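This is data37.cif. It holds mmCIF, C-alpha atoms (C1' of nucleotides).
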```
data_structure
loop_
_atom_site.label_atom_id
_atom_site.label_comp_id
_atom_site.auth_asym_id
_atom_site.auth_seq_id
_atom_site.Cartn_x
_atom_site.Cartn_y
_atom_site.Cartn_z
CA MET A 5 91.52 119.49 56.03
CA LEU A 6 94.11 116.99 54.94
CA SER A 7 97.72 117.86 55.59
CA GLN A 8 100.10 118.13 52.69
CA LYS A 9 101.72 115.03 54.08
CA ALA A 10 98.49 113.11 53.68
CA ARG A 11 98.09 114.19 50.06
CA TYR A 12 101.65 113.13 49.34
CA ALA A 13 101.12 109.78 51.02
CA LEU A 14 97.94 109.08 49.08
CA ARG A 15 99.53 109.99 45.78
CA ALA A 16 102.64 107.97 46.45
CA LEU A 17 100.66 104.92 47.49
CA ILE A 18 98.48 105.13 44.43
CA VAL A 19 101.65 105.16 42.36
CA LEU A 20 102.89 102.06 44.15
CA ALA A 21 99.54 100.34 43.84
CA ASP A 22 99.29 101.09 40.16
CA ARG A 23 102.14 98.93 38.90
CA ASP A 24 103.57 95.49 38.73
CA ASP A 25 104.45 94.88 42.35
CA SER A 26 106.97 92.13 41.74
CA GLU A 27 109.97 94.37 42.25
CA PRO A 28 110.53 97.42 44.44
CA MET A 29 110.43 101.00 43.22
CA MET A 30 113.05 103.52 44.27
CA ILE A 31 112.09 106.51 46.44
CA ALA A 32 113.39 108.86 43.79
CA ASP A 33 111.12 107.34 41.16
CA VAL A 34 108.10 107.41 43.43
CA ALA A 35 108.86 111.01 44.28
CA LYS A 36 108.98 111.95 40.65
CA ALA A 37 105.88 110.02 39.65
CA ALA A 38 103.82 111.32 42.55
CA ASP A 39 105.30 114.82 42.43
CA VAL A 40 106.45 114.82 46.03
CA PRO A 41 109.66 116.33 47.46
CA ARG A 42 112.10 113.48 47.65
CA LYS A 43 113.33 113.98 51.20
CA PHE A 44 109.90 114.54 52.59
CA LEU A 45 108.67 111.39 50.93
CA GLU A 46 111.41 109.49 52.70
CA GLN A 47 109.94 110.39 56.06
CA ILE A 48 106.43 109.57 54.97
CA LEU A 49 107.38 106.17 53.60
CA LEU A 50 109.23 105.34 56.80
CA GLU A 51 106.13 106.00 58.83
CA LEU A 52 103.98 104.01 56.44
CA LYS A 53 106.46 101.19 56.77
CA LYS A 54 106.23 101.17 60.55
CA ARG A 55 102.48 100.60 60.19
CA GLY A 56 102.97 97.84 57.65
CA ILE A 57 101.40 99.72 54.79
CA VAL A 58 104.57 99.51 52.72
CA ARG A 59 107.74 97.46 52.96
CA SER A 60 111.23 98.24 51.79
CA THR A 61 114.32 96.55 50.42
CA ARG A 62 117.70 98.07 51.16
CA GLY A 63 120.82 98.18 49.08
CA ARG A 64 121.10 97.85 45.34
CA GLN A 65 117.90 97.11 43.47
CA GLY A 66 116.15 98.25 46.61
CA GLY A 67 113.08 100.38 46.97
CA TYR A 68 109.51 100.31 48.18
CA GLN A 69 106.48 98.09 47.61
CA LEU A 70 103.07 97.88 49.21
CA GLY A 71 103.16 95.96 52.46
CA LYS A 72 99.91 94.16 51.69
CA SER A 73 97.35 93.88 48.95
CA ALA A 74 95.98 97.15 47.62
CA LYS A 75 92.55 95.75 48.42
CA GLU A 76 93.45 95.66 52.08
CA ILE A 77 94.75 99.21 52.35
CA THR A 78 92.07 101.79 53.04
CA PHE A 79 92.16 105.57 52.99
CA ALA A 80 91.38 105.42 56.68
CA ASP A 81 94.57 103.43 57.31
CA ILE A 82 96.63 105.96 55.44
CA LEU A 83 95.13 109.08 56.98
CA ARG A 84 95.53 107.68 60.46
CA VAL A 85 99.26 107.45 59.82
CA THR A 86 99.74 110.89 58.34
CA ASP A 87 97.12 112.96 60.14
CA GLY A 88 96.32 111.01 63.27
CA PRO A 89 92.86 109.92 64.39
CA LEU A 90 89.88 110.49 62.11
CA ALA A 91 87.75 111.59 65.05
CA LEU A 92 87.08 115.25 65.77
CA SER A 93 87.92 114.73 69.43
CA PRO A 94 90.13 112.27 71.29
CA CYS A 95 87.14 111.26 73.40
CA VAL A 96 85.42 109.72 70.38
CA SER A 97 88.45 108.13 68.77
CA GLN A 98 88.42 104.36 68.33
CA HIS A 99 92.13 103.92 67.74
CA ALA A 100 93.49 106.69 69.98
CA TYR A 101 90.95 107.25 72.73
CA GLN A 102 91.76 109.84 75.34
CA LYS A 103 89.57 111.51 77.92
CA CYS A 104 88.94 115.23 77.53
CA GLU A 105 90.61 117.14 80.35
CA ASP A 106 87.83 119.56 81.03
CA CYS A 107 84.88 117.26 80.41
CA PHE A 108 83.31 116.42 83.72
CA ASP A 109 81.03 113.64 82.49
CA GLU A 110 81.47 111.97 79.14
CA ALA A 111 78.21 110.09 79.37
CA ILE A 112 76.08 113.20 79.23
CA CYS A 113 78.29 115.49 77.16
CA PRO A 114 76.11 116.76 74.32
CA ILE A 115 79.12 117.69 72.24
CA ARG A 116 80.59 114.24 72.47
CA LYS A 117 77.42 112.65 71.24
CA ALA A 118 77.45 114.69 68.06
CA LEU A 119 81.14 114.10 67.45
CA LEU A 120 80.68 110.39 67.92
CA ALA A 121 78.09 110.29 65.18
CA ALA A 122 80.37 112.31 62.92
CA ARG A 123 83.28 110.01 63.54
CA ASP A 124 81.24 106.92 62.77
CA ALA A 125 80.06 108.38 59.49
CA THR A 126 83.51 109.51 58.38
CA ALA A 127 85.24 106.33 59.42
CA HIS A 128 82.63 104.20 57.71
CA VAL A 129 83.26 105.96 54.41
CA LEU A 130 87.04 106.08 54.59
CA GLU A 131 87.33 102.48 55.69
CA GLY A 132 85.40 101.49 52.60
CA GLN A 133 87.77 103.26 50.23
CA THR A 134 90.66 101.04 49.22
CA LEU A 135 93.76 101.78 47.23
CA ALA A 136 92.73 99.09 44.77
CA ALA A 137 89.44 100.83 44.11
CA ALA A 138 91.18 104.14 43.60
CA VAL A 139 93.54 102.66 41.03
CA THR A 140 90.79 100.84 39.18
CA GLN A 141 88.77 103.98 39.00
CA SER A 142 91.55 106.17 37.71
CA LYS A 143 92.40 103.56 35.05
CA ARG A 144 88.83 103.33 33.89
CA ALA A 145 88.77 107.07 33.41
CA HIS A 146 91.67 107.04 30.92
CA MET B 9 90.49 117.16 65.27
CA LEU B 10 88.56 120.14 66.54
CA SER B 11 90.50 123.23 67.47
CA GLN B 12 90.29 124.55 70.99
CA LYS B 13 88.45 127.47 69.51
CA ALA B 14 85.74 125.16 68.24
CA ARG B 15 85.31 123.53 71.64
CA TYR B 16 85.04 126.93 73.25
CA ALA B 17 82.49 128.08 70.70
CA LEU B 18 80.34 125.00 71.18
CA ARG B 19 80.41 125.30 74.93
CA ALA B 20 79.67 129.00 74.90
CA LEU B 21 76.78 128.58 72.50
CA ILE B 22 75.31 125.79 74.56
CA VAL B 23 75.44 128.11 77.54
CA LEU B 24 73.62 130.81 75.56
CA ALA B 25 71.09 128.33 74.24
CA ASP B 26 70.40 126.94 77.67
CA ARG B 27 68.79 129.99 79.26
CA ASP B 28 66.03 132.51 79.05
CA ASP B 29 66.98 134.40 75.94
CA SER B 30 64.97 137.52 76.70
CA GLU B 31 67.97 139.52 77.84
CA PRO B 32 71.63 139.44 76.82
CA MET B 33 74.37 137.74 78.77
CA MET B 34 77.71 139.43 79.36
CA ILE B 35 80.86 138.02 77.84
CA ALA B 36 82.39 137.69 81.27
CA ASP B 37 79.49 135.55 82.47
CA VAL B 38 79.54 133.37 79.41
CA ALA B 39 83.28 132.94 79.80
CA LYS B 40 82.85 131.81 83.37
CA ALA B 41 79.94 129.49 82.69
CA ALA B 42 81.58 127.88 79.68
CA ASP B 43 85.07 127.88 81.19
CA VAL B 44 86.65 129.80 78.34
CA PRO B 45 89.37 132.48 78.56
CA ARG B 46 87.55 135.79 78.51
CA LYS B 47 89.58 137.56 75.86
CA PHE B 48 89.65 134.61 73.56
CA LEU B 49 85.92 134.25 73.84
CA GLU B 50 85.58 137.86 72.71
CA GLN B 51 87.17 137.01 69.39
CA ILE B 52 85.13 133.90 68.95
CA LEU B 53 81.85 135.65 69.65
CA LEU B 54 82.73 138.39 67.20
CA GLU B 55 83.22 135.86 64.45
CA LEU B 56 80.02 134.08 65.35
CA LYS B 57 78.28 137.42 65.22
CA LYS B 58 79.54 138.14 61.72
CA ARG B 59 77.91 134.91 60.60
CA GLY B 60 74.67 135.72 62.35
CA ILE B 61 74.92 132.92 64.87
CA VAL B 62 74.83 135.34 67.78
CA ARG B 63 73.92 138.98 68.13
CA SER B 64 75.12 141.53 70.63
CA THR B 65 73.95 144.60 72.50
CA ARG B 66 76.46 147.27 73.36
CA GLY B 67 76.66 149.55 76.35
CA ARG B 68 75.23 148.99 79.80
CA GLN B 69 73.05 145.92 80.22
CA GLY B 70 74.63 144.71 77.02
CA GLY B 71 75.83 141.26 76.15
CA TYR B 72 75.24 138.37 73.80
CA GLN B 73 72.26 136.31 72.68
CA LEU B 74 71.72 133.72 70.02
CA GLY B 75 71.20 135.27 66.63
CA LYS B 76 68.43 132.84 65.73
CA SER B 77 66.55 129.96 67.23
CA ALA B 78 68.66 127.22 68.78
CA LYS B 79 66.78 124.83 66.51
CA GLU B 80 68.24 126.57 63.49
CA ILE B 81 71.86 126.53 64.60
CA THR B 82 73.70 123.36 63.70
CA PHE B 83 77.08 122.04 64.73
CA ALA B 84 78.06 122.32 61.09
CA ASP B 85 77.35 126.07 61.12
CA ILE B 86 79.49 126.54 64.20
CA LEU B 87 82.43 124.45 63.08
CA ARG B 88 82.52 126.16 59.72
CA VAL B 89 83.08 129.44 61.56
CA THR B 90 85.74 128.26 63.93
CA ASP B 91 87.55 125.60 61.93
CA GLY B 92 86.71 126.39 58.33
CA PRO B 93 85.24 123.94 55.83
CA LEU B 94 84.15 120.50 56.96
CA ALA B 95 85.66 118.96 53.84
CA LEU B 96 89.03 117.22 53.89
CA SER B 97 90.09 119.11 50.76
CA PRO B 98 89.12 122.46 49.26
CA CYS B 99 88.18 120.66 46.03
CA VAL B 100 85.28 118.90 47.75
CA SER B 101 84.06 121.77 49.88
CA GLN B 102 80.52 123.00 49.29
CA HIS B 103 80.88 126.34 51.02
CA ALA B 104 84.51 127.12 50.23
CA TYR B 105 85.34 125.34 47.01
CA GLN B 106 88.81 125.81 45.58
CA LYS B 107 90.64 123.91 42.92
CA CYS B 108 93.69 121.91 43.98
CA GLU B 109 96.82 123.48 42.52
CA ASP B 110 98.53 120.28 41.52
CA CYS B 111 95.48 118.31 40.45
CA PHE B 112 95.47 118.03 36.69
CA ASP B 113 91.98 116.65 36.30
CA GLU B 114 89.41 116.79 39.04
CA ALA B 115 86.93 114.62 37.22
CA ILE B 116 89.11 111.55 37.36
CA CYS B 117 91.00 112.19 40.59
CA PRO B 118 90.57 109.05 42.67
CA ILE B 119 91.43 110.89 45.85
CA ARG B 120 88.81 113.50 45.30
CA LYS B 121 86.10 110.92 44.89
CA ALA B 122 86.84 109.39 48.26
CA LEU B 123 87.04 112.75 49.97
CA LEU B 124 83.77 113.80 48.46
CA ALA B 125 82.03 110.80 49.97
CA ALA B 126 83.62 111.55 53.33
CA ARG B 127 82.52 115.16 53.21
CA ASP B 128 78.96 114.22 52.42
CA ALA B 129 78.80 111.81 55.31
CA THR B 130 80.30 114.22 57.81
CA ALA B 131 78.25 117.19 56.69
CA HIS B 132 75.05 115.18 56.78
CA VAL B 133 75.62 114.27 60.40
CA LEU B 134 76.77 117.67 61.60
CA GLU B 135 74.01 119.51 59.81
CA GLY B 136 71.53 117.35 61.66
CA GLN B 137 72.90 118.27 65.08
CA THR B 138 71.29 121.42 66.44
CA LEU B 139 72.07 123.44 69.53
CA ALA B 140 68.52 122.88 70.70
CA ALA B 141 68.97 119.13 70.58
CA ALA B 142 72.23 119.38 72.49
CA VAL B 143 70.60 121.39 75.26
CA THR B 144 67.58 119.11 75.49
CA GLN B 145 69.80 116.13 75.73
CA SER B 146 72.06 117.50 78.44
CA LYS B 147 69.00 118.54 80.47
CA ARG B 148 67.43 115.12 80.21
CA ALA B 149 70.60 113.60 81.58
CA HIS B 150 70.43 115.57 84.82
"C1'" DT C 16 75.71 165.66 80.30
"C1'" DC C 17 78.65 162.72 82.69
"C1'" DT C 18 80.17 158.26 83.92
"C1'" DA C 19 80.47 153.49 84.52
"C1'" DG C 20 79.86 149.38 82.24
"C1'" DT C 21 79.81 147.07 78.23
"C1'" DG C 22 81.15 145.29 73.45
"C1'" DT C 23 84.80 146.26 69.51
"C1'" DC C 24 89.06 146.12 67.39
"C1'" DG C 25 93.90 146.10 66.18
"C1'" DA C 26 98.27 144.63 67.70
"C1'" DT C 27 101.22 141.53 69.61
"C1'" DA C 28 103.47 137.49 72.13
"C1'" DT C 29 104.43 132.79 72.36
"C1'" DG C 30 104.78 128.05 71.48
"C1'" DA C 31 103.63 124.23 68.61
"C1'" DA C 32 102.94 122.15 64.29
"C1'" DT C 33 103.88 121.86 59.45
"C1'" DG C 34 106.61 121.43 55.51
"C1'" DA C 35 110.97 120.75 53.96
"C1'" DT C 36 116.05 119.92 53.63
"C1'" DC C 37 120.88 118.21 54.89
"C1'" DG C 38 124.43 115.13 55.82
"C1'" DA C 39 126.18 111.11 57.86
"C1'" DC C 40 125.23 106.24 58.39
"C1'" DT C 41 123.84 101.35 57.16
"C1'" DT C 42 122.86 97.68 54.17
"C1'" DA C 43 123.17 94.69 50.17
"C1'" DC C 44 124.37 93.32 45.74
"C1'" DA C 45 127.63 92.77 41.87
"C1'" DT D 25 135.16 96.45 48.04
"C1'" DG D 26 132.68 100.02 45.85
"C1'" DT D 27 128.41 101.85 44.77
"C1'" DA D 28 123.52 102.34 44.96
"C1'" DA D 29 120.06 102.17 47.63
"C1'" DG D 30 117.20 102.99 52.23
"C1'" DT D 31 117.70 104.97 57.32
"C1'" DC D 32 118.02 108.26 60.78
"C1'" DG D 33 118.78 112.36 63.53
"C1'" DA D 34 119.12 117.15 63.33
"C1'" DT D 35 117.81 121.44 61.87
"C1'" DC D 36 115.34 125.30 59.78
"C1'" DA D 37 111.77 128.46 58.06
"C1'" DT D 38 107.19 129.49 58.07
"C1'" DT D 39 102.67 129.35 59.43
"C1'" DC D 40 99.01 128.50 62.65
"C1'" DA D 41 96.82 128.17 67.16
"C1'" DT D 42 96.21 130.06 71.41
"C1'" DA D 43 96.04 133.73 74.22
"C1'" DT D 44 96.53 138.44 76.00
"C1'" DC D 45 96.74 143.65 76.09
"C1'" DG D 46 95.27 148.25 75.72
"C1'" DA D 47 92.78 151.74 73.57
"C1'" DC D 48 88.39 152.86 71.68
"C1'" DA D 49 83.14 153.22 70.80
"C1'" DC D 50 78.73 152.85 72.36
"C1'" DT D 51 74.74 153.06 75.62
"C1'" DA D 52 71.86 153.17 79.89
"C1'" DG D 53 71.07 155.40 83.77
"C1'" DA D 54 72.29 158.85 87.41
#
```

Could you write out this file's structure as structure tokens?
Amino acid sequence: MLSQKARYALRALIVLADRDDSEPMMIADVAKAADVPRKFLEQILLELKKRGIVRSTRGRQGGYQLGKSAKEITFADILRVTDGPLALSPCVSQHAYQKCEDCFDEAICPIRKALLAARDATAHVLEGQTLAAAVTQSKRAH
Amino acid sequence: MLSQKARYALRALIVLADRDDSEPMMIADVAKAADVPRKFLEQILLELKKRGIVRSTRGRQGGYQLGKSAKEITFADILRVTDGPLALSPCVSQHAYQKCEDCFDEAICPIRKALLAARDATAHVLEGQTLAAAVTQSKRAH
DNA sequence: TCTAGTGTCGATATGAATGATCGACTTACA
DNA sequence: TGTAAGTCGATCATTCATATCGACACTAGA
């Protein structure tokens, strides 16, 4: 399951993607539009910023904007920030690989093999879902 | 990520699947073979029993066996017991659907659409992975 | 019928993660 | 230089994950 944090991040980013990106949007406004607790959103945006998904401007007239084109930001990118690796086990993670402690031989582990297939399938789908597509879709529906 | 509980369940079930199933195996023996804390395994097996994945015999000479053929038990079945729905959100779960509280219209929710695709992909893979296949594979490797 | 060996079940302990909030600080523009 | 913005560290409440304990119920075999 997604964490609440992930839901908030997705909603906030869709808000940012769905507007004229020429000037930044204040945290408070994003929080209101995306229905996210203001202070919590702060933390989330900071993490997204560290990964380059958004960028910020300080001081007056400051706020947040996407860090790159909405076409280049995928759901996979976002979920990796908020919820960690997509994989069901560290031993099948592409971006955060780690050996299982109690696995004596990865090569023949029957569990690993199944999890690897699951990871590939999930990642393939989520890496194909961009923010731009999400915005387009929700606009078309109105 | 999988919970520890899920890893334990998978390992224990592979142990049960990988033996002559004519007589039950004691919890203590399963715990040892699968390297799972005995008391914790108790709880896990009870839950698996409720879902029909294993069955038990009480009293002397008692113990656990698979509840059906290893060919009919999928990783999806097991993970649903230990970790809940495979879906990333209740609103896209097949077996445990629930409406999002703060989602005003499911039909046009751009997040939901992405999560639905992810669920389908994951479920498809995990429902294709049986205990029997896992055992066969690990045997072939030796 | 007794008893030893087995699963069952409810309660509880503990630590970690999650979700959320607060207040002080820094930066930038007018 | 004052004010409006983001930044950052700390903290807190609650829930969840992991694990353990002890008493109980059931059954085969002596």

Take chain B, lay it over chain A with a least-squares fit on all the Cα atoms in order, then hand it over as an mmCIF file with C-alpha atoms, in the frame of the given file.
```cif
data_model
loop_
_atom_site.group_PDB
_atom_site.id
_atom_site.type_symbol
_atom_site.label_atom_id
_atom_site.label_comp_id
_atom_site.auth_asym_id
_atom_site.auth_seq_id
_atom_site.Cartn_x
_atom_site.Cartn_y
_atom_site.Cartn_z
ATOM 1 C CA MET B 9 91.439 119.491 56.018
ATOM 2 C CA LEU B 10 94.057 117.004 54.933
ATOM 3 C CA SER B 11 97.670 117.862 55.559
ATOM 4 C CA GLN B 12 100.043 118.091 52.645
ATOM 5 C CA LYS B 13 101.660 115.008 54.053
ATOM 6 C CA ALA B 14 98.426 113.090 53.654
ATOM 7 C CA ARG B 15 98.051 114.159 50.032
ATOM 8 C CA TYR B 16 101.602 113.095 49.336
ATOM 9 C CA ALA B 17 101.065 109.744 51.012
ATOM 10 C CA LEU B 18 97.905 109.052 49.044
ATOM 11 C CA ARG B 19 99.517 109.959 45.767
ATOM 12 C CA ALA B 20 102.635 107.949 46.456
ATOM 13 C CA LEU B 21 100.652 104.899 47.483
ATOM 14 C CA ILE B 22 98.489 105.114 44.407
ATOM 15 C CA VAL B 23 101.659 105.148 42.351
ATOM 16 C CA LEU B 24 102.907 102.035 44.161
ATOM 17 C CA ALA B 25 99.550 100.328 43.828
ATOM 18 C CA ASP B 26 99.332 101.084 40.146
ATOM 19 C CA ARG B 27 102.210 98.941 38.905
ATOM 20 C CA ASP B 28 103.675 95.500 38.741
ATOM 21 C CA ASP B 29 104.523 94.877 42.352
ATOM 22 C CA SER B 30 107.066 92.139 41.733
ATOM 23 C CA GLU B 31 110.052 94.395 42.275
ATOM 24 C CA PRO B 32 110.580 97.448 44.476
ATOM 25 C CA MET B 33 110.461 101.016 43.271
ATOM 26 C CA MET B 34 113.063 103.550 44.352
ATOM 27 C CA ILE B 35 112.086 106.499 46.489
ATOM 28 C CA ALA B 36 113.402 108.862 43.863
ATOM 29 C CA ASP B 37 111.144 107.341 41.215
ATOM 30 C CA VAL B 38 108.118 107.397 43.443
ATOM 31 C CA ALA B 39 108.851 111.006 44.316
ATOM 32 C CA LYS B 40 108.984 111.937 40.666
ATOM 33 C CA ALA B 41 105.897 109.994 39.661
ATOM 34 C CA ALA B 42 103.819 111.282 42.553
ATOM 35 C CA ASP B 43 105.267 114.796 42.436
ATOM 36 C CA VAL B 44 106.399 114.794 46.045
ATOM 37 C CA PRO B 45 109.597 116.320 47.485
ATOM 38 C CA ARG B 46 112.075 113.477 47.710
ATOM 39 C CA LYS B 47 113.261 113.983 51.262
ATOM 40 C CA PHE B 48 109.817 114.529 52.620
ATOM 41 C CA LEU B 49 108.615 111.385 50.950
ATOM 42 C CA GLU B 50 111.368 109.487 52.749
ATOM 43 C CA GLN B 51 109.849 110.376 56.092
ATOM 44 C CA ILE B 52 106.366 109.560 54.983
ATOM 45 C CA LEU B 53 107.324 106.163 53.623
ATOM 46 C CA LEU B 54 109.150 105.338 56.828
ATOM 47 C CA GLU B 55 106.036 105.994 58.845
ATOM 48 C CA LEU B 56 103.916 103.997 56.450
ATOM 49 C CA LYS B 57 106.413 101.195 56.783
ATOM 50 C CA LYS B 58 106.154 101.175 60.563
ATOM 51 C CA ARG B 59 102.430 100.597 60.183
ATOM 52 C CA GLY B 60 102.926 97.843 57.657
ATOM 53 C CA ILE B 61 101.367 99.721 54.776
ATOM 54 C CA VAL B 62 104.544 99.504 52.730
ATOM 55 C CA ARG B 63 107.698 97.459 53.001
ATOM 56 C CA SER B 64 111.186 98.248 51.815
ATOM 57 C CA THR B 65 114.296 96.563 50.483
ATOM 58 C CA ARG B 66 117.656 98.066 51.270
ATOM 59 C CA GLY B 67 120.812 98.180 49.219
ATOM 60 C CA ARG B 68 121.153 97.977 45.464
ATOM 61 C CA GLN B 69 117.972 97.240 43.542
ATOM 62 C CA GLY B 70 116.170 98.282 46.683
ATOM 63 C CA GLY B 71 113.079 100.386 47.030
ATOM 64 C CA TYR B 72 109.499 100.305 48.213
ATOM 65 C CA GLN B 73 106.472 98.093 47.645
ATOM 66 C CA LEU B 74 103.065 97.870 49.200
ATOM 67 C CA GLY B 75 103.123 95.981 52.455
ATOM 68 C CA LYS B 76 99.896 94.148 51.671
ATOM 69 C CA SER B 77 97.347 93.885 48.931
ATOM 70 C CA ALA B 78 95.987 97.163 47.601
ATOM 71 C CA LYS B 79 92.546 95.765 48.378
ATOM 72 C CA GLU B 80 93.425 95.677 52.052
ATOM 73 C CA ILE B 81 94.730 99.220 52.331
ATOM 74 C CA THR B 82 92.048 101.789 53.004
ATOM 75 C CA PHE B 83 92.113 105.560 52.950
ATOM 76 C CA ALA B 84 91.336 105.413 56.646
ATOM 77 C CA ASP B 85 94.528 103.426 57.304
ATOM 78 C CA ILE B 86 96.599 105.958 55.411
ATOM 79 C CA LEU B 87 95.098 109.067 56.943
ATOM 80 C CA ARG B 88 95.470 107.675 60.428
ATOM 81 C CA VAL B 89 99.213 107.458 59.792
ATOM 82 C CA THR B 90 99.688 110.873 58.310
ATOM 83 C CA ASP B 91 97.067 112.951 60.090
ATOM 84 C CA GLY B 92 96.285 110.997 63.229
ATOM 85 C CA PRO B 93 92.816 109.929 64.344
ATOM 86 C CA LEU B 94 89.840 110.484 62.078
ATOM 87 C CA ALA B 95 87.751 111.603 65.040
ATOM 88 C CA LEU B 96 87.090 115.268 65.759
ATOM 89 C CA SER B 97 87.960 114.739 69.428
ATOM 90 C CA PRO B 98 90.184 112.275 71.271
ATOM 91 C CA CYS B 99 87.180 111.263 73.394
ATOM 92 C CA VAL B 100 85.447 109.736 70.372
ATOM 93 C CA SER B 101 88.456 108.144 68.738
ATOM 94 C CA GLN B 102 88.424 104.374 68.317
ATOM 95 C CA HIS B 103 92.129 103.928 67.723
ATOM 96 C CA ALA B 104 93.503 106.701 69.921
ATOM 97 C CA TYR B 105 90.984 107.271 72.671
ATOM 98 C CA GLN B 106 91.811 109.849 75.312
ATOM 99 C CA LYS B 107 89.646 111.502 77.883
ATOM 100 C CA CYS B 108 89.024 115.231 77.514
ATOM 101 C CA GLU B 109 90.739 117.099 80.336
ATOM 102 C CA ASP B 110 87.961 119.537 81.045
ATOM 103 C CA CYS B 111 85.014 117.242 80.429
ATOM 104 C CA PHE B 112 83.432 116.379 83.741
ATOM 105 C CA ASP B 113 81.139 113.649 82.504
ATOM 106 C CA GLU B 114 81.559 111.990 79.157
ATOM 107 C CA ALA B 115 78.317 110.088 79.370
ATOM 108 C CA ILE B 116 76.181 113.190 79.252
ATOM 109 C CA CYS B 117 78.392 115.475 77.177
ATOM 110 C CA PRO B 118 76.194 116.754 74.366
ATOM 111 C CA ILE B 119 79.196 117.668 72.269
ATOM 112 C CA ARG B 120 80.658 114.234 72.485
ATOM 113 C CA LYS B 121 77.485 112.632 71.243
ATOM 114 C CA ALA B 122 77.496 114.706 68.090
ATOM 115 C CA LEU B 123 81.170 114.104 67.462
ATOM 116 C CA LEU B 124 80.722 110.408 67.920
ATOM 117 C CA ALA B 125 78.104 110.317 65.190
ATOM 118 C CA ALA B 126 80.382 112.325 62.919
ATOM 119 C CA ARG B 127 83.293 110.002 63.538
ATOM 120 C CA ASP B 128 81.236 106.948 62.747
ATOM 121 C CA ALA B 129 80.050 108.411 59.485
ATOM 122 C CA THR B 130 83.491 109.520 58.371
ATOM 123 C CA ALA B 131 85.225 106.322 59.392
ATOM 124 C CA HIS B 132 82.612 104.202 57.669
ATOM 125 C CA VAL B 133 83.223 105.962 54.385
ATOM 126 C CA LEU B 134 87.002 106.068 54.565
ATOM 127 C CA GLU B 135 87.298 102.472 55.654
ATOM 128 C CA GLY B 136 85.362 101.500 52.565
ATOM 129 C CA GLN B 137 87.755 103.265 50.204
ATOM 130 C CA THR B 138 90.642 101.026 49.194
ATOM 131 C CA LEU B 139 93.752 101.780 47.195
ATOM 132 C CA ALA B 140 92.731 99.096 44.737
ATOM 133 C CA ALA B 141 89.439 100.826 44.067
ATOM 134 C CA ALA B 142 91.193 104.145 43.571
ATOM 135 C CA VAL B 143 93.549 102.660 40.999
ATOM 136 C CA THR B 144 90.791 100.835 39.147
ATOM 137 C CA GLN B 145 88.782 103.965 38.976
ATOM 138 C CA SER B 146 91.562 106.185 37.683
ATOM 139 C CA LYS B 147 92.411 103.580 35.026
ATOM 140 C CA ARG B 148 88.836 103.344 33.845
ATOM 141 C CA ALA B 149 88.786 107.085 33.360
ATOM 142 C CA HIS B 150 91.655 107.043 30.876
#
```

Of the candidates B:Arg120, B:Lys47, B:Arg27, B:Arg148, which shows the shortest atom-to-atom distance to chain C, using all atoms listed in the file?
->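 Smallest separation from chain C among the options: B:Lys47.
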
Selection result for the PyMOL selection byres ((chain C) within 8 of (chain A)) on this file, as a PyMOL selection string | chain C and resi 34-36+42-44

Using only C-alpha atoms, which chain A residues lie at most 8 Å away from chain B, written as a VMD selection string?
-> chain A and resid 5 to 6 14 89 to 94 112 to 115 118 121 to 123 125 to 126 129 to 130 133 138 to 139 141 to 142 145

Residue IDs satisfying the PyMOL selection byres ((chain C and resi 32) around 12), as a PyMOL selection string | (chain A and resi 7+87) or (chain C and resi 30-31+33-34) or (chain D and resi 38-41)

Would you kindly report the residues of chain D within 8 Å of chain A, using all atoms listed in the file, as JSON, numbers by chain?
-> {"D": [28, 29, 30]}

Can you write just those residues out, C-alpha atoms (C1' of nucleotides), as a JSON list (two decimals), in the frame of the given file?
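Saved file out_27.json follows:
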```
[["chain", "number", "residue", "atom", "x", "y", "z"],
["D", 28, "DA", "C1'", 123.52, 102.34, 44.96],
["D", 29, "DA", "C1'", 120.06, 102.17, 47.63],
["D", 30, "DG", "C1'", 117.20, 102.99, 52.23]]
```

Write out as a PyMOL selection string the residues lying within 12 Å of stretch 26-28 of chain C, counting all atoms listed in the file and excluding same-chain residues fewer than 3 positions away.
-> chain D and resi 42-47

Atomic separation - atom CA of B:Asp26 relative to atom CA of B:Ala39, Å =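 One can read the atom CA of B:Ala39 to atom CA of B:Asp26 distance as 14.4 Å.
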
Kindly compute an axis-aligned box around the listed atoms of stretch 52-69 of chain B, allowing 8 Å on each side, and express its centre and edge lengths in Å to one decimal as AutoDock Vina command-line options.
```
--center_x 79.1 --center_y 141.2 --center_z 70.4 --size_x 28.1 --size_y 32.6 --size_z 35.6
```

Have a look at atom CA of A:His99 and atom CA of A:Lys75 and let me know their distance in Å, one decimal.
-> 21.0 Å

So which one's closest to C:DT41, D:DC32, D:DA54, D:DA49, D:DA37? Using only C-alpha atoms (C1' of nucleotides), please.
->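 When distances to C:DT41 are compared using only C-alpha atoms (C1' of nucleotides), the smallest one comes from D:DC32.
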
Of the candidates D:DG53, D:DT27, D:DC48, D:DG33, which shows the shortest atom-to-atom distance to C:DG38, using all atoms listed in the file?
->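 Of D:DG53, D:DT27, D:DC48, D:DG33, the one nearest C:DG38, counting all atoms listed in the file, is D:DG33.
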
What does the distance from atom CA of B:Gln73 to atom C1' of C:DC24 come to in Å, to one decimal?
-> 20.2 Å

Evaluating the PyMOL selection byres ((chain A and resi 72) around 9) on the displayed file yields which residues, as a list in words?
->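 Selected by the PyMOL selection byres ((chain A and resi 72) around 9) here: Gly56, Ile57, Val58, Arg59, Gln69, Leu70, Gly71, Ser73, Ala74, Lys75, Glu76 and Ile77 of chain A.
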